[in-house]
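Asks: Dropping the structure in here first, questions after.
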Amino acid sequence: MSQVIRVGTRGSALAMAQTRQISERLGTAANAEIELVPITTQGDTSRASLATIGGTGVFAAALREALLAGECDVVVHSLKDLPTAEHEGLRLGAVPKRADARDAICARDGLTLATLPEGARVGTGSPRRIAQLGAARPDIVAVDIRGNVDTRLGKVESGELDAVLLAAAGLGRLGLADAATDLLPLAEWPTAPGQGALAIEVRREKGDRSLEPALEAIDHNTTRATVLAERLVLAGLEAGCSAPIGATAFMEDELLFLTATVYSADGARRIVSSHAATPDSRSAADLADAARDVAERAVAELLGNGAAELAPPEESP
């Protein structure tokens with residue numbers, strides 16, 4: 001009988017779609033069968049805004065509890081939903097290659113951010129996106145919404161909203177990339193730290209030896225380093241994943257670049273910090289060192305310029 005790897009995931013259509021993609025690769029690499037274990041999280045059941053219920057961990061906590069309880073062998077998270085603090089009982093087993101990190105406008109009549117009419121109603125549950133809308137188009141009305149991708153797109157189709165803001169990666173994983181009418185460039189519209197990337201979390205103690213080579217096979221060093229840099233900005237600012245902070249890191253010409261932006265809630269003010277570092281090699285350790293370097297410099301500059309006033313440290317639960 002072949003080995004079975006039990007993969008914990010949120011039960012939403014998007015979570016199931018992205019988990020299936022990763023699970024197929026994991027199963028092939030481990031020569032194992034895959035069993036998906038859907039798990040309901042607080043973020044799935046609460047209709048309150050993310051800012052109200054506290055964005056950090058609302059989608060991750062139940063998955064982590066199931067993993068620690070032995071109900072599954074690995075869990076798959078959207079990396080941007082994962083708290084930045086290390087978990088004493090869990091570790092990041094793999095970070096697969098990142099998908100498109102951009103945000104997408106999905107609007108009626110093929111409209112773009114620039115061509116939406118004055119007073120247009122744009123739906124999003126993200127404080128960062130609300131701040132960015134305020135910065136780019138203060139005449140637009142941001143409408144706080146929750147729900148899965150189909151529900152949000154349905155609000156545009158019904159005429160309740162003129163547009164919604166969604167992650168391009170999620171649309172792609174659902175086969176809905178054509179719903180995007182405008183893809184917002186990261187240089188002008190930085191997204192959440194880790195957006196577009198997935199995280200495979202496992203128990204800290206290495207139990208099943210056959211799982212480790214499979215995790216290594218789907219891990220992507222460059223993605224792991226760039227999302228580490230972005231997430232270290234959040235950690236350094238002691239801000240949660242729902243804070244109005246955008247961060248973009250990427251590798252180009254052997255340099256690791258990071259730009260971090262902190263917005264006021266209404267988008268009227270912003271503080272930007274950009275830095276680059278040259279890793280000694282493309283090894284995971286050297287890339288991680290470069291990520292820590294650029295993040296530390298960015299955080300120091302942001303705090304020195306008053307970032308804590310725009311995005312106050314998140315209160316402990």
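In the structure tokens, chains take letters A, B, ... by order of appearance, with residues numbered from 1 within each chain and ligands from 1 in the order shown.
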Taking only residues of stretch 24-132 of chain A that have an atom at most 9 Å from an atom of stretch 262-273 of chain A, what is each one's shortest atom pair and its distance in Å to one decimal, using only C-alpha atoms, in chain and number order, as JSON lines?
Replies:
```
{"residue": "A:Pro127", "atom": "CA", "partner": "A:Ala265", "partner_atom": "CA", "distance": 6.9}
{"residue": "A:Arg128", "atom": "CA", "partner": "A:Tyr263", "partner_atom": "CA", "distance": 7.4}
{"residue": "A:Ile130", "atom": "CA", "partner": "A:Asp266", "partner_atom": "CA", "distance": 7.2}
{"residue": "A:Ala131", "atom": "CA", "partner": "A:Gly267", "partner_atom": "CA", "distance": 4.1}
{"residue": "A:Gln132", "atom": "CA", "partner": "A:Gly267", "partner_atom": "CA", "distance": 5.6}
```
Asks: Write out as number ranges by chain which residues come within 9 Å of A:Pro313 when counting only C-alpha atoms, dropping same-chain ones fewer than 4 positions away.
Replies: A: 237-240, 308
Asks: For a quick check of understanding, using only C-alpha atoms, which of A:Arg64, A:Arg146, A:Arg152, A:His275 has the smallest distance to A:Glu230?
Replies: A:His275
Asks: Can you pull out the residues contacting A:Ala101? Cut-off 7 Å, using only C-alpha atoms, and skip same-chain residues under 6 positions away; I want them as an NGL selection string.
Replies: :A and (168-169 or 191 or 195-196)
Asks: Go ahead and write the selection's residues with N, CA, C and O atoms as a PDB file, in the first residue's frame.
Replies:
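Result written to part04.pdb:
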```pdb
ATOM      1  N   ALA A 168      -4.563  38.795  -8.100  1.00  0.00           N
ATOM      2  CA  ALA A 168      -4.461  38.181  -9.422  1.00  0.00           C
ATOM      3  C   ALA A 168      -4.151  36.690  -9.309  1.00  0.00           C
ATOM      4  O   ALA A 168      -4.652  35.877 -10.097  1.00  0.00           O
ATOM      5  N   ALA A 169      -3.351  36.309  -8.320  1.00  0.00           N
ATOM      6  CA  ALA A 169      -2.981  34.901  -8.167  1.00  0.00           C
ATOM      7  C   ALA A 169      -4.203  34.040  -7.893  1.00  0.00           C
ATOM      8  O   ALA A 169      -4.349  32.945  -8.439  1.00  0.00           O
ATOM      9  N   THR A 191       1.650  45.115  -2.962  1.00  0.00           N
ATOM     10  CA  THR A 191       0.625  44.271  -2.354  1.00  0.00           C
ATOM     11  C   THR A 191       1.076  43.738  -0.997  1.00  0.00           C
ATOM     12  O   THR A 191       2.148  44.069  -0.501  1.00  0.00           O
ATOM     13  N   GLN A 195       1.927  38.020  -0.800  1.00  0.00           N
ATOM     14  CA  GLN A 195       0.809  37.797  -1.722  1.00  0.00           C
ATOM     15  C   GLN A 195       1.280  37.034  -2.964  1.00  0.00           C
ATOM     16  O   GLN A 195       2.341  37.299  -3.509  1.00  0.00           O
ATOM     17  N   GLY A 196       0.457  36.082  -3.391  1.00  0.00           N
ATOM     18  CA  GLY A 196       0.792  35.263  -4.545  1.00  0.00           C
ATOM     19  C   GLY A 196       1.573  34.010  -4.209  1.00  0.00           C
ATOM     20  O   GLY A 196       1.743  33.134  -5.054  1.00  0.00           O
TER      21      GLY A 196
END
```
Asks: How far is it from atom CA of A:Met251 to atom CA of A:Val299, in Å with one decimal?
Replies: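 The value is 19.4 Å.
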Asks: Please measure the separation of atom CA of A:Leu215 and atom CA of A:Phe250, giving the value in Å to one decimal.
Replies: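 Separation between atom CA of A:Leu215 and atom CA of A:Phe250: 22.4 Å.
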Asks: Determine which residues of stretch 104-296 of chain A receive a DSSP assignment of helix (DSSP H, G or I), computed from the backbone, and state them as a PyMOL selection string.
Replies: chain A and resi 108-110+127-136+149-157+168-173+177-179+211-218+221-237+284-296
Asks: How would the residues just chosen look if you wrote them out with C-alpha atoms as a compact mmCIF listing (two decimals), in the first residue's frame?
Replies:
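Generated file (part_19.txt):
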```
# COMPACT_ATOMS: atom_id res chain seq x y z
CA ARG A 108 -18.06 46.32 -14.96
CA ASP A 109 -17.83 47.20 -18.65
CA GLY A 110 -14.07 46.56 -18.79
CA PRO A 127 -7.35 48.00 4.92
CA ARG A 128 -4.27 48.20 2.66
CA ARG A 129 -6.36 48.22 -0.51
CA ILE A 130 -8.75 50.76 1.00
CA ALA A 131 -5.79 53.03 1.80
CA GLN A 132 -4.36 52.59 -1.70
CA LEU A 133 -7.71 53.40 -3.29
CA GLY A 134 -7.81 56.54 -1.20
CA ALA A 135 -4.32 57.48 -2.35
CA ALA A 136 -4.94 56.80 -6.05
CA VAL A 149 -14.25 35.17 -5.01
CA ASP A 150 -17.49 34.20 -6.76
CA THR A 151 -19.54 36.14 -4.20
CA ARG A 152 -17.44 39.25 -4.72
CA LEU A 153 -17.52 39.04 -8.50
CA GLY A 154 -21.28 38.53 -8.26
CA LYS A 155 -21.64 41.91 -6.59
CA VAL A 156 -20.20 43.49 -9.75
CA GLU A 157 -22.35 41.41 -12.07
CA ALA A 168 -4.46 38.18 -9.42
CA ALA A 169 -2.98 34.90 -8.17
CA GLY A 170 -6.29 33.77 -6.71
CA LEU A 171 -8.14 34.56 -9.92
CA GLY A 172 -5.57 32.59 -11.88
CA ARG A 173 -5.78 29.56 -9.61
CA ALA A 177 -8.04 35.44 -14.83
CA ASP A 178 -10.30 36.90 -17.52
CA ALA A 179 -12.37 38.61 -14.80
CA LEU A 211 8.20 13.79 3.32
CA GLU A 212 11.36 15.90 3.65
CA PRO A 213 12.77 15.24 0.13
CA ALA A 214 9.31 15.97 -1.31
CA LEU A 215 9.16 19.30 0.52
CA GLU A 216 12.64 20.18 -0.72
CA ALA A 217 11.59 19.31 -4.28
CA ILE A 218 8.80 21.90 -4.33
CA ASN A 221 14.71 29.42 -2.77
CA THR A 222 14.15 32.78 -4.44
CA THR A 223 10.48 32.93 -3.49
CA ARG A 224 11.28 31.90 0.09
CA ALA A 225 13.84 34.71 0.36
CA THR A 226 11.72 37.44 -1.21
CA VAL A 227 8.66 36.69 0.89
CA LEU A 228 10.91 36.48 3.96
CA ALA A 229 12.10 40.04 3.28
CA GLU A 230 8.51 41.26 2.90
CA ARG A 231 7.28 39.48 6.02
CA LEU A 232 10.23 40.73 8.09
CA VAL A 233 8.98 44.25 7.37
CA LEU A 234 5.66 43.35 9.01
CA ALA A 235 7.44 41.70 11.91
CA GLY A 236 9.82 44.61 12.39
CA LEU A 237 6.96 47.10 12.41
CA ALA A 284 18.97 29.37 0.70
CA ALA A 285 21.16 30.59 3.58
CA ASP A 286 22.76 33.44 1.62
CA LEU A 287 19.45 34.54 0.14
CA ALA A 288 17.92 34.59 3.62
CA ASP A 289 20.80 36.70 4.93
CA ALA A 290 20.24 39.22 2.12
CA ALA A 291 16.51 39.26 2.90
CA ARG A 292 17.20 40.04 6.55
CA ASP A 293 19.64 42.77 5.57
CA VAL A 294 17.24 44.68 3.30
CA ALA A 295 14.33 44.21 5.71
CA GLU A 296 16.28 45.51 8.70
```
Asks: Quote the spacing between atom CA of A:Val74 and atom CA of A:Glu88 in Å to one decimal place.
Replies: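 Distance between the two atoms: 15.7 Å.
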Asks: When you look at A:Ser78 with a cut-off of 7 Å (counting only C-alpha atoms), what residues show up, excluding the ones that are within fewer than 5 positions of it in the same chain? I need them as a list of chain:residue names.
Replies: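 Everything that qualifies: A:Ala197, A:Leu198, A:Ala199.
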Asks: What lies within 7 Å of A:Thr19 using only C-alpha atoms, ignoring chain neighbours under 3 positions off, as a compact mmCIF listing (two decimals) with N, CA and C atoms, in the first residue's frame?
Replies:
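After the write, out.txt holds the following:
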```
# COMPACT_ATOMS: atom_id res chain seq x y z
N THR A 9 -6.41 22.01 4.65
CA THR A 9 -6.65 23.22 3.87
C THR A 9 -7.96 23.85 4.28
N ALA A 15 -9.02 28.05 -1.76
CA ALA A 15 -8.08 27.27 -0.96
C ALA A 15 -7.97 25.84 -1.49
N MET A 16 -9.10 25.24 -1.85
CA MET A 16 -9.08 23.88 -2.36
C MET A 16 -8.35 23.82 -3.70
N ILE A 22 -0.75 22.17 -5.34
CA ILE A 22 0.45 21.86 -4.57
C ILE A 22 0.48 20.39 -4.18
N SER A 23 -0.68 19.84 -3.82
CA SER A 23 -0.75 18.46 -3.38
C SER A 23 -0.33 17.50 -4.48
N VAL A 76 -1.64 23.72 3.99
CA VAL A 76 -1.31 24.70 2.96
C VAL A 76 -2.01 26.02 3.29
```
Asks: Please identify all polymer residues within 12 Å of A:Glu71, counting only C-alpha atoms, omitting same-chain residues fewer than 3 positions from it, and present them as a PyMOL selection string.
Replies: chain A and resi 5-9+35-39+62-68+74-75+202-203
Asks: Those same residues, written as a PDB file, in the first residue's frame with N, CA, C and O atoms?
Replies:
```pdb
ATOM      1  N   ILE A   5      -0.435  11.033   2.265  1.00  0.00           N
ATOM      2  CA  ILE A   5      -0.129  12.308   2.923  1.00  0.00           C
ATOM      3  C   ILE A   5      -1.433  13.066   3.089  1.00  0.00           C
ATOM      4  O   ILE A   5      -2.130  13.337   2.103  1.00  0.00           O
ATOM      5  N   ARG A   6      -1.776  13.386   4.325  1.00  0.00           N
ATOM      6  CA  ARG A   6      -3.009  14.117   4.599  1.00  0.00           C
ATOM      7  C   ARG A   6      -2.697  15.617   4.606  1.00  0.00           C
ATOM      8  O   ARG A   6      -1.877  16.070   5.390  1.00  0.00           O
ATOM      9  N   VAL A   7      -3.375  16.356   3.720  1.00  0.00           N
ATOM     10  CA  VAL A   7      -3.091  17.777   3.530  1.00  0.00           C
ATOM     11  C   VAL A   7      -4.260  18.606   4.042  1.00  0.00           C
ATOM     12  O   VAL A   7      -5.366  18.537   3.511  1.00  0.00           O
ATOM     13  N   GLY A   8      -4.024  19.394   5.083  1.00  0.00           N
ATOM     14  CA  GLY A   8      -5.055  20.263   5.643  1.00  0.00           C
ATOM     15  C   GLY A   8      -5.175  21.543   4.844  1.00  0.00           C
ATOM     16  O   GLY A   8      -4.173  22.127   4.396  1.00  0.00           O
ATOM     17  N   THR A   9      -6.409  22.006   4.652  1.00  0.00           N
ATOM     18  CA  THR A   9      -6.654  23.221   3.866  1.00  0.00           C
ATOM     19  C   THR A   9      -7.965  23.850   4.279  1.00  0.00           C
ATOM     20  O   THR A   9      -8.858  23.168   4.800  1.00  0.00           O
ATOM     21  N   GLU A  35      -4.586  12.893   0.519  1.00  0.00           N
ATOM     22  CA  GLU A  35      -5.937  13.017   1.081  1.00  0.00           C
ATOM     23  C   GLU A  35      -6.123  14.450   1.562  1.00  0.00           C
ATOM     24  O   GLU A  35      -5.370  14.920   2.424  1.00  0.00           O
ATOM     25  N   LEU A  36      -7.075  15.169   0.984  1.00  0.00           N
ATOM     26  CA  LEU A  36      -7.337  16.540   1.410  1.00  0.00           C
ATOM     27  C   LEU A  36      -8.230  16.526   2.646  1.00  0.00           C
ATOM     28  O   LEU A  36      -9.215  15.794   2.710  1.00  0.00           O
ATOM     29  N   VAL A  37      -7.874  17.370   3.621  1.00  0.00           N
ATOM     30  CA  VAL A  37      -8.621  17.467   4.877  1.00  0.00           C
ATOM     31  C   VAL A  37      -9.136  18.907   5.014  1.00  0.00           C
ATOM     32  O   VAL A  37      -8.413  19.787   5.482  1.00  0.00           O
ATOM     33  N   PRO A  38     -10.382  19.189   4.576  1.00  0.00           N
ATOM     34  CA  PRO A  38     -10.925  20.557   4.684  1.00  0.00           C
ATOM     35  C   PRO A  38     -11.144  20.941   6.146  1.00  0.00           C
ATOM     36  O   PRO A  38     -11.651  20.144   6.935  1.00  0.00           O
ATOM     37  N   ILE A  39     -10.757  22.164   6.484  1.00  0.00           N
ATOM     38  CA  ILE A  39     -10.858  22.656   7.860  1.00  0.00           C
ATOM     39  C   ILE A  39     -11.489  24.042   7.837  1.00  0.00           C
ATOM     40  O   ILE A  39     -11.090  24.897   7.038  1.00  0.00           O
ATOM     41  N   ALA A  62      -6.932  27.558  12.977  1.00  0.00           N
ATOM     42  CA  ALA A  62      -7.589  26.248  12.967  1.00  0.00           C
ATOM     43  C   ALA A  62      -6.760  25.218  12.197  1.00  0.00           C
ATOM     44  O   ALA A  62      -6.701  24.042  12.586  1.00  0.00           O
ATOM     45  N   LEU A  63      -6.132  25.644  11.105  1.00  0.00           N
ATOM     46  CA  LEU A  63      -5.270  24.747  10.349  1.00  0.00           C
ATOM     47  C   LEU A  63      -4.103  24.283  11.213  1.00  0.00           C
ATOM     48  O   LEU A  63      -3.734  23.097  11.216  1.00  0.00           O
ATOM     49  N   ARG A  64      -3.520  25.200  11.946  1.00  0.00           N
ATOM     50  CA  ARG A  64      -2.386  24.865  12.798  1.00  0.00           C
ATOM     51  C   ARG A  64      -2.803  23.913  13.924  1.00  0.00           C
ATOM     52  O   ARG A  64      -2.065  22.984  14.260  1.00  0.00           O
ATOM     53  N   GLU A  65      -3.979  24.153  14.489  1.00  0.00           N
ATOM     54  CA  GLU A  65      -4.457  23.276  15.553  1.00  0.00           C
ATOM     55  C   GLU A  65      -4.638  21.851  15.037  1.00  0.00           C
ATOM     56  O   GLU A  65      -4.288  20.880  15.712  1.00  0.00           O
ATOM     57  N   ALA A  66      -5.187  21.712  13.827  1.00  0.00           N
ATOM     58  CA  ALA A  66      -5.395  20.387  13.245  1.00  0.00           C
ATOM     59  C   ALA A  66      -4.060  19.693  12.982  1.00  0.00           C
ATOM     60  O   ALA A  66      -3.923  18.479  13.191  1.00  0.00           O
ATOM     61  N   LEU A  67      -3.069  20.454  12.546  1.00  0.00           N
ATOM     62  CA  LEU A  67      -1.750  19.891  12.280  1.00  0.00           C
ATOM     63  C   LEU A  67      -1.095  19.420  13.578  1.00  0.00           C
ATOM     64  O   LEU A  67      -0.556  18.306  13.650  1.00  0.00           O
ATOM     65  N   LEU A  68      -1.165  20.241  14.607  1.00  0.00           N
ATOM     66  CA  LEU A  68      -0.582  19.869  15.898  1.00  0.00           C
ATOM     67  C   LEU A  68      -1.292  18.671  16.518  1.00  0.00           C
ATOM     68  O   LEU A  68      -0.672  17.861  17.214  1.00  0.00           O
ATOM     69  N   VAL A  74       0.472  17.851   6.754  1.00  0.00           N
ATOM     70  CA  VAL A  74       0.924  19.180   6.327  1.00  0.00           C
ATOM     71  C   VAL A  74      -0.315  20.051   6.175  1.00  0.00           C
ATOM     72  O   VAL A  74      -1.433  19.537   6.042  1.00  0.00           O
ATOM     73  N   VAL A  75      -0.127  21.368   6.207  1.00  0.00           N
ATOM     74  CA  VAL A  75      -1.223  22.281   5.876  1.00  0.00           C
ATOM     75  C   VAL A  75      -0.721  23.275   4.834  1.00  0.00           C
ATOM     76  O   VAL A  75       0.471  23.607   4.792  1.00  0.00           O
ATOM     77  N   VAL A 202       4.529  22.333   8.443  1.00  0.00           N
ATOM     78  CA  VAL A 202       4.598  20.980   9.000  1.00  0.00           C
ATOM     79  C   VAL A 202       4.978  21.076  10.473  1.00  0.00           C
ATOM     80  O   VAL A 202       5.382  22.135  10.952  1.00  0.00           O
ATOM     81  N   ARG A 203       4.839  19.954  11.170  1.00  0.00           N
ATOM     82  CA  ARG A 203       5.252  19.935  12.574  1.00  0.00           C
ATOM     83  C   ARG A 203       6.774  20.098  12.650  1.00  0.00           C
ATOM     84  O   ARG A 203       7.506  19.648  11.774  1.00  0.00           O
TER      85      ARG A 203
END
```
Asks: Pull the strand (DSSP E) assignments for stretch 41-186 of chain A out of DSSP run on the backbone, and list those residues as a compact mmCIF listing (two decimals) with all heavy atoms, in the first residue's frame.
Replies:
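In the end it all went to part37.txt:
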```txt
# COMPACT_ATOMS: atom_id res chain seq x y z
N VAL A 74 0.47 17.85 6.75
CA VAL A 74 0.92 19.18 6.33
C VAL A 74 -0.32 20.05 6.17
O VAL A 74 -1.43 19.54 6.04
CB VAL A 74 1.70 19.15 4.99
CG1 VAL A 74 2.89 18.21 5.06
CG2 VAL A 74 0.79 18.77 3.83
N VAL A 75 -0.13 21.37 6.21
CA VAL A 75 -1.22 22.28 5.88
C VAL A 75 -0.72 23.28 4.83
O VAL A 75 0.47 23.61 4.79
CB VAL A 75 -1.78 23.04 7.11
CG1 VAL A 75 -2.49 22.09 8.05
CG2 VAL A 75 -0.69 23.80 7.83
N VAL A 76 -1.64 23.72 3.99
CA VAL A 76 -1.31 24.70 2.96
C VAL A 76 -2.01 26.02 3.29
O VAL A 76 -3.23 26.05 3.44
CB VAL A 76 -1.72 24.21 1.56
CG1 VAL A 76 -1.42 25.27 0.51
CG2 VAL A 76 -1.02 22.91 1.21
N HIS A 77 -1.23 27.07 3.41
CA HIS A 77 -1.75 28.41 3.68
C HIS A 77 -1.49 29.32 2.49
O HIS A 77 -0.51 29.14 1.76
CB HIS A 77 -1.02 29.08 4.87
CG HIS A 77 -1.01 28.33 6.15
ND1 HIS A 77 -2.03 28.38 7.07
CD2 HIS A 77 -0.05 27.53 6.70
CE1 HIS A 77 -1.71 27.66 8.13
NE2 HIS A 77 -0.52 27.13 7.92
N SER A 78 -2.32 30.34 2.33
CA SER A 78 -1.90 31.52 1.57
C SER A 78 -0.89 32.23 2.46
O SER A 78 -1.20 32.57 3.60
CB SER A 78 -3.09 32.43 1.26
OG SER A 78 -3.94 31.86 0.30
N LEU A 90 5.70 24.36 15.04
CA LEU A 90 5.56 24.20 13.59
C LEU A 90 6.69 24.92 12.86
O LEU A 90 7.33 25.81 13.40
CB LEU A 90 4.21 24.76 13.12
CG LEU A 90 2.95 24.18 13.78
CD1 LEU A 90 1.72 24.94 13.31
CD2 LEU A 90 2.82 22.69 13.48
N ARG A 91 6.91 24.51 11.62
CA ARG A 91 7.93 25.16 10.78
C ARG A 91 7.43 25.24 9.34
O ARG A 91 6.51 24.52 8.94
CB ARG A 91 9.25 24.40 10.84
CG ARG A 91 9.16 22.97 10.35
CD ARG A 91 10.47 22.20 10.61
NE ARG A 91 10.29 20.79 10.30
CZ ARG A 91 10.45 20.24 9.10
NH1 ARG A 91 10.81 21.00 8.08
NH2 ARG A 91 10.26 18.96 8.91
N LEU A 92 8.05 26.11 8.60
CA LEU A 92 7.72 26.29 7.19
C LEU A 92 8.47 25.22 6.40
O LEU A 92 9.68 25.31 6.20
CB LEU A 92 8.12 27.70 6.75
CG LEU A 92 7.42 28.31 5.54
CD1 LEU A 92 5.91 28.27 5.70
CD2 LEU A 92 7.91 29.72 5.32
N GLY A 93 7.74 24.20 5.95
CA GLY A 93 8.38 23.09 5.27
C GLY A 93 8.77 23.42 3.85
O GLY A 93 9.80 22.95 3.35
N ALA A 94 7.97 24.24 3.17
CA ALA A 94 8.27 24.61 1.78
C ALA A 94 7.49 25.85 1.40
O ALA A 94 6.39 26.09 1.88
CB ALA A 94 7.94 23.46 0.83
N ASP A 103 -2.35 42.98 -7.52
CA ASP A 103 -3.79 43.11 -7.31
C ASP A 103 -4.46 43.33 -8.66
O ASP A 103 -3.85 43.86 -9.60
CB ASP A 103 -4.11 44.31 -6.41
CG ASP A 103 -4.04 43.95 -4.93
OD1 ASP A 103 -4.02 42.76 -4.59
OD2 ASP A 103 -4.02 44.89 -4.10
N ALA A 104 -5.72 42.93 -8.73
CA ALA A 104 -6.49 43.09 -9.96
C ALA A 104 -7.78 43.84 -9.69
O ALA A 104 -8.47 43.58 -8.71
CB ALA A 104 -6.81 41.71 -10.57
N ILE A 105 -8.09 44.78 -10.57
CA ILE A 105 -9.41 45.40 -10.59
C ILE A 105 -10.31 44.53 -11.46
O ILE A 105 -9.95 44.18 -12.59
CB ILE A 105 -9.34 46.82 -11.19
CG1 ILE A 105 -8.60 47.79 -10.26
CG2 ILE A 105 -10.74 47.35 -11.51
CD1 ILE A 105 -9.42 48.35 -9.14
N CYS A 106 -11.45 44.14 -10.91
CA CYS A 106 -12.46 43.40 -11.69
C CYS A 106 -13.69 44.31 -11.75
O CYS A 106 -14.44 44.43 -10.77
CB CYS A 106 -12.79 42.08 -11.01
SG CYS A 106 -11.36 41.01 -10.78
N ALA A 107 -13.87 44.98 -12.88
CA ALA A 107 -14.88 46.04 -12.96
C ALA A 107 -15.90 45.74 -14.05
O ALA A 107 -15.66 44.97 -14.98
CB ALA A 107 -14.19 47.38 -13.25
N ARG A 121 -18.23 52.63 -6.72
CA ARG A 121 -18.18 51.82 -5.50
C ARG A 121 -17.30 50.59 -5.77
O ARG A 121 -17.61 49.77 -6.65
CB ARG A 121 -19.59 51.39 -5.10
CG ARG A 121 -20.45 52.55 -4.62
CD ARG A 121 -21.92 52.19 -4.55
NE ARG A 121 -22.18 50.98 -3.77
CZ ARG A 121 -22.25 50.91 -2.44
NH1 ARG A 121 -22.11 52.04 -1.74
NH2 ARG A 121 -22.51 49.79 -1.82
N VAL A 122 -16.22 50.50 -5.00
CA VAL A 122 -15.25 49.41 -5.20
C VAL A 122 -15.17 48.59 -3.93
O VAL A 122 -14.89 49.12 -2.85
CB VAL A 122 -13.86 49.96 -5.58
CG1 VAL A 122 -12.86 48.81 -5.73
CG2 VAL A 122 -13.95 50.77 -6.86
N GLY A 123 -15.39 47.30 -4.04
CA GLY A 123 -15.43 46.43 -2.88
C GLY A 123 -14.09 45.81 -2.55
O GLY A 123 -13.37 45.33 -3.42
N VAL A 141 -15.50 55.38 -3.75
CA VAL A 141 -16.03 54.91 -2.46
C VAL A 141 -15.61 53.46 -2.25
O VAL A 141 -15.99 52.57 -3.03
CB VAL A 141 -17.57 55.01 -2.43
CG1 VAL A 141 -18.12 54.48 -1.11
CG2 VAL A 141 -18.01 56.46 -2.67
N ALA A 142 -14.82 53.21 -1.22
CA ALA A 142 -14.40 51.85 -0.88
C ALA A 142 -15.49 51.21 -0.02
O ALA A 142 -15.91 51.78 0.98
CB ALA A 142 -13.07 51.85 -0.13
N VAL A 143 -15.95 50.03 -0.42
CA VAL A 143 -17.02 49.32 0.29
C VAL A 143 -16.42 48.07 0.93
O VAL A 143 -15.86 47.22 0.23
CB VAL A 143 -18.16 48.93 -0.67
CG1 VAL A 143 -19.25 48.19 0.09
CG2 VAL A 143 -18.71 50.17 -1.36
N ALA A 163 -16.89 47.67 -9.05
CA ALA A 163 -15.68 46.87 -9.19
C ALA A 163 -15.34 46.24 -7.85
O ALA A 163 -15.83 46.67 -6.80
CB ALA A 163 -14.51 47.72 -9.68
N VAL A 164 -14.50 45.23 -7.89
CA VAL A 164 -13.91 44.67 -6.68
C VAL A 164 -12.41 44.56 -6.91
O VAL A 164 -11.93 44.49 -8.04
CB VAL A 164 -14.49 43.28 -6.31
CG1 VAL A 164 -15.93 43.39 -5.85
CG2 VAL A 164 -14.35 42.30 -7.46
N LEU A 165 -11.66 44.59 -5.81
CA LEU A 165 -10.21 44.41 -5.85
C LEU A 165 -9.89 43.01 -5.34
O LEU A 165 -10.30 42.63 -4.23
CB LEU A 165 -9.53 45.45 -4.96
CG LEU A 165 -9.03 46.72 -5.62
CD1 LEU A 165 -8.65 47.75 -4.56
CD2 LEU A 165 -7.81 46.41 -6.50
N LEU A 166 -9.16 42.23 -6.13
CA LEU A 166 -8.83 40.86 -5.76
C LEU A 166 -7.37 40.58 -6.11
O LEU A 166 -6.74 41.32 -6.88
CB LEU A 166 -9.73 39.87 -6.52
CG LEU A 166 -11.24 39.96 -6.23
CD1 LEU A 166 -12.00 39.10 -7.23
CD2 LEU A 166 -11.54 39.50 -4.81
N ALA A 167 -6.84 39.50 -5.56
CA ALA A 167 -5.48 39.08 -5.88
C ALA A 167 -5.47 38.38 -7.24
O ALA A 167 -6.26 37.48 -7.49
CB ALA A 167 -4.94 38.15 -4.80
N ASP A 182 -8.06 45.16 -15.01
CA ASP A 182 -6.89 46.02 -14.83
C ASP A 182 -5.97 45.34 -13.82
O ASP A 182 -6.38 45.05 -12.69
CB ASP A 182 -7.33 47.39 -14.30
CG ASP A 182 -6.24 48.45 -14.38
OD1 ASP A 182 -5.21 48.20 -15.04
OD2 ASP A 182 -6.43 49.54 -13.79
N LEU A 183 -4.72 45.07 -14.22
CA LEU A 183 -3.71 44.52 -13.32
C LEU A 183 -2.82 45.67 -12.86
O LEU A 183 -2.23 46.37 -13.68
CB LEU A 183 -2.89 43.44 -14.01
CG LEU A 183 -3.67 42.14 -14.33
CD1 LEU A 183 -2.84 41.24 -15.24
CD2 LEU A 183 -4.03 41.42 -13.05
N LEU A 184 -2.73 45.87 -11.56
CA LEU A 184 -2.08 47.06 -11.01
C LEU A 184 -0.59 46.80 -10.79
O LEU A 184 -0.22 45.87 -10.05
CB LEU A 184 -2.76 47.45 -9.69
CG LEU A 184 -4.27 47.64 -9.81
CD1 LEU A 184 -4.88 47.93 -8.45
CD2 LEU A 184 -4.60 48.76 -10.80
```
